[in-house]
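In what follows, a structure is listed as structure tokens, so that the remarks can point back to it.
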Amino acid sequence: MVLTIQWPERFVDLKRKIVEATPNYERRLTESWNDLLQVLNQRTTEIANEGPNYIPQVHFQSLDKLTPEQLDDIRRKGSVVIHGVVEESEAAGWKTSLEDFIKANPHVEGFPEQDKQFFFLYWTQAQVQARAHPNVLKASIWLNNLYRAKTDKKIEGVNLDVPLVYADRFRIRHPGVQWDVHPPHVDGGSIERWEDDNFRRCFADILSGNWPQHDPYELEGRLDARASLYGRPGQATVFRTFQGWLAISETAPTQGTLKVFPDVLLSNAYTILRPFFRPIVPLGSKDILDPKNWVFDISTPDFPGIQPRDNGWVGPRPTPDLHPHLRLDDTMTSVPKVNPGDMVFWHCDVVHSVEQEHTGSCDSAVMYIPAVPQTPQNTAYVKRQAETFLTGTNPPDFAKDGTALPYVGLGVDADVVQPISRIAMGLPVAVA
């Protein structure tokens with residue numbers, strides 16, 4: 001089903017402004033689009049045939065031993081499973097701690113309302129301890145360093161070797177429950193990818209007709225990108241190199257786990273170029289994938305996959321109808337089996353979703369913990385976030401707690417001990 005959206009007419013001007021920066025833009029973008037569709041046809045077939053085995057898997061102890069070819073594979077696919085980040089018993093203990101917290105605080109907010117499994121909680125002791133764990137922060141450093149600057153010149157206030165903490169939520173999903181709330185989508189900026197001048201610089205090669213040169217790991221454009229122009233609650237305002245979660249239970253394909261489109265270069269190129277092309281056959285046509293049935297068109301204000309919400313926008317949310325060449329029904333790939341203490345990460349631009357079905361016999365439980373580097377924008381956020389930690393209130397990017405009731409058993413300053421952890425949390429470090 002395709003939503004009917006009242007698009008602002010200024011988006012027509014936005015499209016024109018974007019393409020007019022490129023000489024001979026219609027010819028160059030059309031040639032680039034046609035080339036992209038041919039490559040997508042080959043790569044989507046490969047992804048669909050491989051399944052979960054397509055997702056790179058590494059062990060935490062081997063992160064500094066990977067070959068350049070392995071690193072390039074992870075960069076291209078934009079997703080990775082890191083096994084053994086935390087001891088299995090410690091991670092499983094955090095799940096027990098979270099369950100005890102929920103029992104002690106029956107007023108916690110979450111959904112589904114009648115059987116809560118996704119919790120709007122940020123500062124439980126288990127979450128605080130998990131984010132502060134040295135191995136979790138070391139994994140974050142490794143992920144941050146998959147990004148690269150164009151020059152060797154030091155960028156003021158930026159250090160990829162200093163990880164920061166971004167407080168997020170957790171889920172304990174029960175078997176057999178249908179889950180329709182996380183269809184394929186991209187976080188970390190919606191219409192802002194086109195509308196914000198700084199954010200748009202990240203995709204300059206794509207928008208100038210040279211998508212193969214696009215580097216999703218180029219650092220500079222990300223630093224000043226404004227991912228939240230409309231102040232919508234729940235919209236991350238920090239730069240997360242990778243989104244991620246820490247498994248606190250076993251979970252495997254078909255058991256309510258994460259799914260990704262594992263080629264961030266191609267999904268970026270297609271998603272960014274899609275608003276500038278329209279099909280000349282019906283969306284459901286058997287010939288919809290033929291490049292000859294698509295034409296360059298900037299006469300309309302629509303941005304397929306972007307949707308209005310809370311006086312702002314969400315998405316991109318690609319769908320099989322609006323983004324047929326991604327072949328999402330075949331290419332959204334479940335991540336391989338994980339155990340407690342394993343972590344899964346996906347690049348901030350990766351199309352991802354959560355499986356609708358959970359066919360397993362046990363809970364599928366994870367804590368959301370992204371990789372966040374030290375940048376001026378991120379440092380400023382973490383400073384504000386630290387104030388909410390110390391007062392036990394929701395972090396700045398999230399809606400205020402609606403219960404107006406206190407919680408028993410929140411994490412406290414004393415739970416964050418090591419200097420690397422305190423710096424990551426924006427807390428003062430004692431000087432010996």
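Order determines the names: the first chain of the structure tokens is A, the second B, and so forth; residues in each chain are numbered 1 upward, and ligands are numbered 1 upward as they are shown.
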Inset, instruction - Step one, run DSSP on the backbone; step two, keep only residues of region 80-233 of chain A assigned to helix (DSSP H, G or I); then write them as a PyMOL selection string. - result: chain A and resi 88-104+125-132+134-144+192-195+197-201+204-207+211-213+220-223
Using only C-alpha atoms, find each residue of region 245-288 of chain A with at least one atom at most 12 Å away from an atom of region 216-221 of chain A; report its shortest atom-to-atom pair and that distance in Å (one decimal), sort the rows by chain and rising residue number, and return the result as a Markdown table.
```
| residue | atom | partner | partner_atom | distance |
| --- | --- | --- | --- | --- |
| A:Asp263 | CA | A:Pro216 | CA | 10.5 |
| A:Val264 | CA | A:Pro216 | CA | 7.2 |
| A:Leu265 | CA | A:Pro216 | CA | 6.6 |
| A:Leu266 | CA | A:Pro216 | CA | 10.1 |
| A:Ser267 | CA | A:Pro216 | CA | 10.5 |
| A:Asn268 | CA | A:Pro216 | CA | 8.0 |
| A:Ala269 | CA | A:Pro216 | CA | 9.9 |
```
Inset, instruction - For each of A:Val158, A:Pro308, A:Ser353, A:Ile288, take the minimum atom-to-atom distance to Asp321 (chain A), counting only C-alpha atoms, then give the residue where this is smallest. - result: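 For Asp321 (chain A), the nearest of the candidates is A:Ile288.
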Inset, instruction - Using only C-alpha atoms, determine which residues lie at most 12 Å from Leu137 (chain A), disregarding the query and same-chain residues fewer than 6 positions distant; provide the list as a PyMOL selection string. - result: chain A and resi 60+85-86+129-131+143-144+160-166+246+343+369-373+418-425
Legend entry - For region 99-112 of chain A: contacts at 8 Å, only C-alpha atoms, fewer than 5 positions along chain excluded, given as a ChimeraX atom specification: /A:117-121,124,401-403,405,407-409
Once you have the residues from the selection above, write them out as a compact mmCIF listing (two decimals), in the first residue's frame, restricted to C-alpha atoms.
```txt
# COMPACT_ATOMS: atom_id res chain seq x y z
CA GLN A 117 8.51 -6.13 25.51
CA PHE A 118 10.17 -2.93 24.23
CA PHE A 119 10.97 -0.67 27.16
CA PHE A 120 11.41 3.10 27.29
CA LEU A 121 14.11 2.78 29.92
CA THR A 124 18.79 0.83 34.69
CA ASP A 401 8.87 9.85 30.94
CA GLY A 402 5.09 9.91 31.06
CA THR A 403 4.61 8.14 34.39
CA LEU A 405 6.68 8.19 39.15
CA TYR A 407 12.03 4.22 39.61
CA VAL A 408 13.71 1.85 42.04
CA GLY A 409 17.11 0.45 41.08
```
Legend entry - Among the residues A:Thr241, A:Thr300, A:Ser249, A:Thr67, the one that comes closest to Ala92 (chain A) [using only C-alpha atoms]: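 Closest to Ala92 (chain A) of all the choices is A:Ser249.
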Legend entry - Contact residues around Ala227 (chain A) with only C-alpha atoms at 7 Å, ignoring same-chain residues under 4 positions, as a ChimeraX atom specification: /A:188-189,192,237
Inset, instruction - Name the residues in contact with Asp363 (chain A) at a cut-off of 8 Å, using only C-alpha atoms, excluding same-chain residues fewer than 4 positions from it; report them as a VMD selection string. - result: chain A and resid 172 to 175 249 to 251
Legend entry - Counting only C-alpha atoms, the option among A:Leu40, A:Val338, A:Val12, A:Ala139 closest to Ala252 (chain A): A:Val338
Legend entry - Sel. of strand (DSSP E or B) residues, region 65-148 of chain A, as a PyMOL selection string: chain A and resi 79-83+110-111+118-119+124+148
Legend entry - Selection: 8 Å around Val314 (chain A), only C-alpha atoms, excl. self and same-chain fewer than 4 positions, as an MDAnalysis selection string: chainID A and resid 189:191 306:309
Legend entry - Point-to-point distance in Å for CA of Glu88 (chain A) and CA of Gly341 (chain A): 5.0 Å
